[in-house]
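Data block for protein_4.cif (mmCIF, C-alpha atoms and all ligand atoms):
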data_my_file
loop_
_atom_site.group_PDB
_atom_site.id
_atom_site.type_symbol
_atom_site.label_atom_id
_atom_site.label_comp_id
_atom_site.auth_asym_id
_atom_site.auth_seq_id
_atom_site.Cartn_x
_atom_site.Cartn_y
_atom_site.Cartn_z
ATOM 1 C CA MET G 1 0.000 0.000 0.000
ATOM 2 C CA TYR G 2 2.805 2.402 0.950
ATOM 3 C CA MET G 3 4.539 1.959 -2.434
ATOM 4 C CA ILE G 4 1.255 2.510 -4.286
ATOM 5 C CA VAL G 5 0.619 5.779 -2.427
ATOM 6 C CA LYS G 6 4.231 6.848 -3.015
ATOM 7 C CA ASN G 7 3.777 6.314 -6.758
ATOM 8 C CA ILE G 8 0.484 8.228 -6.656
ATOM 9 C CA HIS G 9 2.377 11.004 -4.804
ATOM 10 C CA LEU G 10 4.889 11.195 -7.666
ATOM 11 C CA THR G 11 2.283 10.927 -10.422
ATOM 12 C CA ILE G 12 0.100 13.692 -8.964
ATOM 13 C CA ILE G 13 2.958 16.130 -8.407
ATOM 14 C CA SER G 14 4.186 15.500 -11.994
ATOM 15 C CA LEU G 15 0.653 16.167 -13.295
ATOM 16 C CA THR G 16 0.490 19.480 -11.366
ATOM 17 C CA PHE G 17 3.749 20.419 -13.073
ATOM 18 C CA ILE G 18 2.378 19.554 -16.538
ATOM 19 C CA PHE G 19 -0.802 21.552 -15.820
ATOM 20 C CA PHE G 20 1.349 24.446 -14.684
ATOM 21 C CA ILE G 21 3.451 24.454 -17.878
ATOM 22 C CA ILE G 22 0.309 24.374 -20.072
ATOM 23 C CA ASN G 23 -1.385 27.161 -18.072
ATOM 24 C CA PHE G 24 1.811 29.194 -18.082
ATOM 25 C CA VAL G 25 2.282 28.996 -21.863
ATOM 26 C CA LEU G 26 -1.393 29.901 -22.453
ATOM 27 C CA THR G 27 -1.168 32.840 -20.013
ATOM 28 C CA ILE G 28 1.978 34.204 -21.671
ATOM 29 C CA LYS G 29 0.320 33.871 -25.088
ATOM 30 C CA GLY G 30 -2.809 35.599 -23.722
ATOM 31 C CA SER G 31 -4.926 32.696 -24.967
ATOM 32 C CA ASP G 32 -8.589 32.287 -23.971
ATOM 33 C CA LYS G 33 -8.031 28.556 -23.521
ATOM 34 C CA VAL G 34 -6.616 29.341 -20.088
ATOM 35 C CA ASN G 35 -10.239 29.611 -18.898
ATOM 36 C CA ASN G 36 -10.900 25.995 -19.882
ATOM 37 C CA LYS G 37 -12.697 24.206 -17.006
ATOM 38 C CA ILE G 38 -10.283 21.264 -16.841
ATOM 39 C CA LEU G 39 -7.245 23.557 -16.791
ATOM 40 C CA LYS G 40 -8.816 25.663 -14.027
ATOM 41 C CA ILE G 41 -10.260 23.015 -11.710
ATOM 42 C CA GLY G 42 -7.821 20.161 -12.454
ATOM 43 C CA PRO G 43 -4.873 21.544 -10.451
ATOM 44 C CA HIS G 44 -7.062 22.209 -7.383
ATOM 45 C CA ILE G 45 -8.273 18.606 -7.340
ATOM 46 C CA LEU G 46 -4.685 17.409 -7.772
ATOM 47 C CA TYR G 47 -3.379 19.578 -4.905
ATOM 48 C CA THR G 48 -6.070 18.198 -2.596
ATOM 49 C CA LEU G 49 -5.273 14.594 -3.528
ATOM 50 C CA PHE G 50 -1.567 15.335 -3.170
ATOM 51 C CA ILE G 51 -2.057 16.620 0.385
ATOM 52 C CA LEU G 52 -3.867 13.355 1.221
ATOM 53 C CA THR G 53 -0.938 11.312 -0.138
ATOM 54 C CA PHE G 54 1.682 13.120 1.902
ATOM 55 C CA ILE G 55 -0.415 12.977 5.075
ATOM 56 C CA TYR G 56 -0.568 9.194 4.592
ATOM 57 C CA LEU G 57 3.153 8.870 3.770
ATOM 58 C CA VAL G 58 4.421 10.942 6.707
ATOM 59 C CA SER G 59 2.182 9.090 9.140
ATOM 60 C CA VAL G 60 3.493 5.713 7.947
ATOM 61 C CA ILE G 61 7.180 6.617 8.157
ATOM 62 C CA ASN G 62 6.557 8.721 11.270
ATOM 63 C CA LEU G 63 8.375 11.844 10.064
ATOM 64 C CA TYR G 64 6.131 14.834 10.644
ATOM 65 C CA PRO G 65 6.522 18.466 9.512
ATOM 66 C CA PHE G 66 7.383 20.839 12.400
ATOM 67 C CA VAL G 67 8.877 17.859 14.242
ATOM 68 C CA ASN G 68 11.314 16.511 11.673
ATOM 69 C CA GLY G 69 13.590 18.739 9.557
ATOM 70 C CA TRP G 70 13.261 16.706 6.354
ATOM 71 C CA ALA G 71 9.454 16.698 6.463
ATOM 72 C CA SER G 72 9.328 20.421 7.370
ATOM 73 C CA SER G 73 11.614 21.279 4.442
ATOM 74 C CA LYS G 74 9.471 19.264 2.043
ATOM 75 C CA LEU G 75 6.311 20.975 3.235
ATOM 76 C CA GLY G 76 8.069 24.354 2.942
ATOM 77 C CA GLY G 77 9.175 23.485 -0.614
ATOM 78 C CA PHE G 78 5.630 22.475 -1.540
ATOM 79 C CA VAL G 79 4.094 25.688 -0.127
ATOM 80 C CA LEU G 80 6.662 27.806 -2.020
ATOM 81 C CA TYR G 81 6.005 25.777 -5.198
ATOM 82 C CA ILE G 82 2.253 26.520 -4.966
ATOM 83 C CA LEU G 83 2.856 30.191 -4.104
ATOM 84 C CA SER G 84 5.227 30.584 -7.077
ATOM 85 C CA ILE G 85 2.636 28.993 -9.380
ATOM 86 C CA THR G 86 -0.065 31.363 -8.069
ATOM 87 C CA PHE G 87 2.271 34.296 -8.639
ATOM 88 C CA ALA G 88 3.158 33.192 -12.176
ATOM 89 C CA LEU G 89 -0.455 32.584 -13.227
ATOM 90 C CA LYS G 90 -2.454 35.142 -11.230
ATOM 91 C CA TRP G 91 -0.688 37.780 -9.182
ATOM 92 C CA ALA G 92 2.190 38.778 -11.506
ATOM 93 C CA LYS G 93 1.285 41.867 -13.539
ATOM 94 C CA SER G 94 4.123 41.747 -16.086
ATOM 95 C CA THR G 95 5.813 39.080 -18.200
ATOM 96 C CA VAL G 96 9.113 39.626 -16.353
ATOM 97 C CA TRP G 97 7.488 38.804 -12.984
ATOM 98 C CA ARG G 98 5.698 35.847 -14.544
ATOM 99 C CA ILE G 99 9.024 34.461 -15.745
ATOM 100 C CA VAL G 100 10.693 35.099 -12.359
ATOM 101 C CA SER G 101 7.827 33.217 -10.637
ATOM 102 C CA PHE G 102 8.070 30.430 -13.219
ATOM 103 C CA ILE G 103 11.773 29.946 -12.418
ATOM 104 C CA SER G 104 10.936 29.996 -8.705
ATOM 105 C CA ALA G 105 8.257 27.299 -9.161
ATOM 106 C CA VAL G 106 10.662 25.066 -11.121
ATOM 107 C CA PHE G 107 13.342 25.624 -8.469
ATOM 108 C CA TRP G 108 11.086 24.590 -5.542
ATOM 109 C CA PHE G 109 9.713 21.638 -7.490
ATOM 110 C CA VAL G 110 13.240 20.335 -8.167
ATOM 111 C CA MET G 111 14.383 20.996 -4.576
ATOM 112 C CA SER G 112 11.408 19.089 -3.096
ATOM 113 C CA ALA G 113 11.949 16.209 -5.518
ATOM 114 C CA ARG G 114 15.651 16.043 -4.653
ATOM 115 C CA LEU G 115 14.786 16.073 -0.968
ATOM 116 C CA GLY G 116 12.447 13.126 -1.610
ATOM 117 C CA TYR G 117 15.477 11.030 -2.605
ATOM 118 C CA ALA G 118 17.792 12.352 0.142
ATOM 119 C CA ASP G 119 17.595 9.241 2.331
ATOM 120 C CA HIS G 120 20.379 10.378 4.665
ATOM 121 C CA LEU G 121 18.174 13.320 5.768
ATOM 122 C CA LYS G 122 15.153 11.164 6.602
ATOM 123 C CA VAL G 123 16.313 10.691 10.171
ATOM 124 C CA ASN G 124 13.851 10.547 13.001
ATOM 125 C CA ASN G 125 15.780 12.167 15.815
ATOM 126 C CA GLN G 126 12.701 13.168 17.760
ATOM 127 C CA ASP G 127 12.273 10.080 19.868
ATOM 128 C CA THR G 128 10.127 11.607 22.598
ATOM 129 C CA ASN G 129 9.660 8.210 24.294
ATOM 130 C CA VAL G 130 13.300 8.324 25.309
ATOM 131 C CA TYR G 131 12.723 11.610 27.132
ATOM 132 C CA ILE G 132 9.535 10.333 28.795
ATOM 133 C CA GLU G 133 11.310 7.172 29.975
ATOM 134 C CA PHE G 134 14.238 9.263 31.214
ATOM 135 C CA GLY G 135 11.843 11.535 33.166
ATOM 136 C CA GLN G 136 10.027 8.549 34.653
ATOM 137 C CA SER G 137 13.237 6.880 35.808
ATOM 138 C CA MET G 138 14.469 10.168 37.327
ATOM 139 C CA LEU G 139 11.154 10.502 39.230
ATOM 140 C CA THR G 140 11.405 6.908 40.421
ATOM 141 C CA LEU G 141 14.947 7.589 41.627
ATOM 142 C CA ILE G 142 13.908 10.758 43.516
ATOM 143 C CA CYS G 143 10.863 9.062 45.121
HETATM 144 C C1 LIG X 201 6.787 19.877 -4.698
HETATM 145 C C2 LIG X 201 6.505 18.998 -3.777
HETATM 146 C C3 LIG X 201 7.013 17.576 -3.705
HETATM 147 C C4 LIG X 201 7.728 16.821 -4.595
HETATM 148 C C5 LIG X 201 8.235 17.229 -5.987
HETATM 149 C C6 LIG X 201 7.950 15.533 -3.983
HETATM 150 C C7 LIG X 201 8.664 14.498 -4.556
HETATM 151 C C8 LIG X 201 8.977 13.324 -3.927
HETATM 152 C C9 LIG X 201 9.901 12.332 -4.415
HETATM 153 C C10 LIG X 201 10.697 12.449 -5.725
HETATM 154 C C11 LIG X 201 9.944 11.323 -3.519
HETATM 155 C C12 LIG X 201 10.844 10.072 -3.573
HETATM 156 C C13 LIG X 201 10.125 8.876 -4.053
HETATM 157 C C14 LIG X 201 10.995 7.646 -3.966
HETATM 158 O O1 LIG X 201 11.727 7.458 -2.985
HETATM 159 O O2 LIG X 201 10.924 6.821 -4.895
HETATM 160 C C15 LIG X 201 9.027 11.643 -2.467
HETATM 161 C C16 LIG X 201 8.770 10.843 -1.377
HETATM 162 C C17 LIG X 201 8.118 11.262 -0.268
HETATM 163 N N1 LIG X 201 7.536 12.507 -0.058
HETATM 164 FE FE1 LIG X 201 7.345 13.975 -1.432
HETATM 165 N N2 LIG X 201 7.345 15.507 -2.747
HETATM 166 C C18 LIG X 201 6.804 16.756 -2.522
HETATM 167 C C19 LIG X 201 6.145 17.181 -1.392
HETATM 168 C C20 LIG X 201 6.025 16.460 -0.238
HETATM 169 C C21 LIG X 201 5.458 16.943 1.006
HETATM 170 C C22 LIG X 201 4.891 18.357 1.225
HETATM 171 C C23 LIG X 201 5.549 15.938 1.916
HETATM 172 C C24 LIG X 201 5.139 15.924 3.359
HETATM 173 C C25 LIG X 201 5.598 16.749 4.240
HETATM 174 C C26 LIG X 201 6.148 14.797 1.253
HETATM 175 C C27 LIG X 201 6.390 13.580 1.831
HETATM 176 C C28 LIG X 201 7.025 12.522 1.224
HETATM 177 C C29 LIG X 201 7.268 11.238 1.859
HETATM 178 C C30 LIG X 201 6.889 10.851 3.290
HETATM 179 C C31 LIG X 201 7.943 10.449 0.925
HETATM 180 C C32 LIG X 201 8.401 9.001 1.099
HETATM 181 C C33 LIG X 201 9.801 8.931 1.615
HETATM 182 C C34 LIG X 201 10.310 7.485 1.734
HETATM 183 O O3 LIG X 201 9.564 6.547 1.515
HETATM 184 O O4 LIG X 201 11.480 7.338 2.041
HETATM 185 N N3 LIG X 201 6.418 15.150 -0.060
HETATM 186 N N4 LIG X 201 8.450 12.875 -2.727
#

Take the structure in the file and write it out as structure tokens.
Amino acid sequence: MYMIVKNIHLTIISLTFIFFIINFVLTIKGSDKVNNKILKIGPHILYTLFILTFIYLVSVINLYPFVNGWASSKLGGFVLYILSITFALKWAKSTVWRIVSFISAVFWFVMSARLGYADHLKVNNQDTNVYIEFGQSMLTLIC
């Protein structure tokens, strides 16, 4: 099951990237096709499904954002990827800013993907049980 979800994770994020490239090209060209329903709603559905996949994955391997550095960095990369996409497609008022945001989106996409393969950083050094056991044994000693 884990491997299936991991592959879905990769497929969905790749699809968001493809959608982004198509939307970006259409926006730069000033094409009306950018208002196409599938191009508009598709990415939102994909982002929602993607969030479900990473919630499942982090809970299985027990590496949570805000607790573990690797998971926090991946979440940060994802948020910046989405923000850059929103900038490139909606908020940017000139082509220069659209291109800057495009480069930013590609950068955060690549960084998050690279982090996905950085096994040496997937270290769970937040073993709270150790601290609880230590506290309990100290209390036992004192009492
Ligand atoms: C732009 C965003 C993201 C990209 C491009 C991305 C990409 C990847 C890649 C390439 C892998 C490695 C797959 C493999 O080992 O075969 C991966 C795995 C994984 N990702 Fe993401 N990911 C992103 C966002 C996130 C977020 C936000 C989280 C959660 C905080 C997350 C959690 C995970 C987990 C738990 C794994 C499995 C690690 C393992 O099994 O060792 N990912 N991701």

### Task
With a distance cut-off of 8 Å and only C-alpha atoms, select the neighbouring residues of range 88-105 of chain G, excluding the residue or stretch itself and same-chain residues fewer than 5 positions from it, and output the selection as a PyMOL selection string.
chain G and resi 23-24+27-28+80-83

### Message
Show me which residues are within 9 Å of ligand LIG 201 (chain X) counting only C-alpha atoms and all ligand atoms, and format the list as a PyMOL selection string.
### Response
chain G and resi 2-3+6-7+9-10+13-14+17+50-51+53-65+70-82+105+108-119+122

### Task
Select, from G:Leu52, G:Met1, G:Leu121, G:Ile22, the residue with the minimum atom-to-atom distance to Val34 in chain G, counting all atoms listed in the file.
G:Ile22

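Note that the spacing between CA of Leu15 in chain G and CA of Leu46 in chain G amounts to 7.8 Å.
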
### For CA of Thr48 in chain G and CA of Ile12 in chain G, the interatomic separation in Å (one decimal)
9.9 Å

As JSON, please report the centre and edge lengths, rounded to one decimal in Å, of the axis-aligned box that holds all listed atoms of range 99-104 of chain G with 3 Å of padding on each of the six sides.
{"center_x": 9.8, "center_y": 32.5, "center_z": -12.2, "size_x": 9.9, "size_y": 11.2, "size_z": 13.0}

#### Entry: Contact residues around Gly42 in chain G with all atoms listed in the file at 10 Å, ignoring same-chain residues under 5 positions, as an MDAnalysis selection string
chainID G and resid 15:16 19 36:37 47
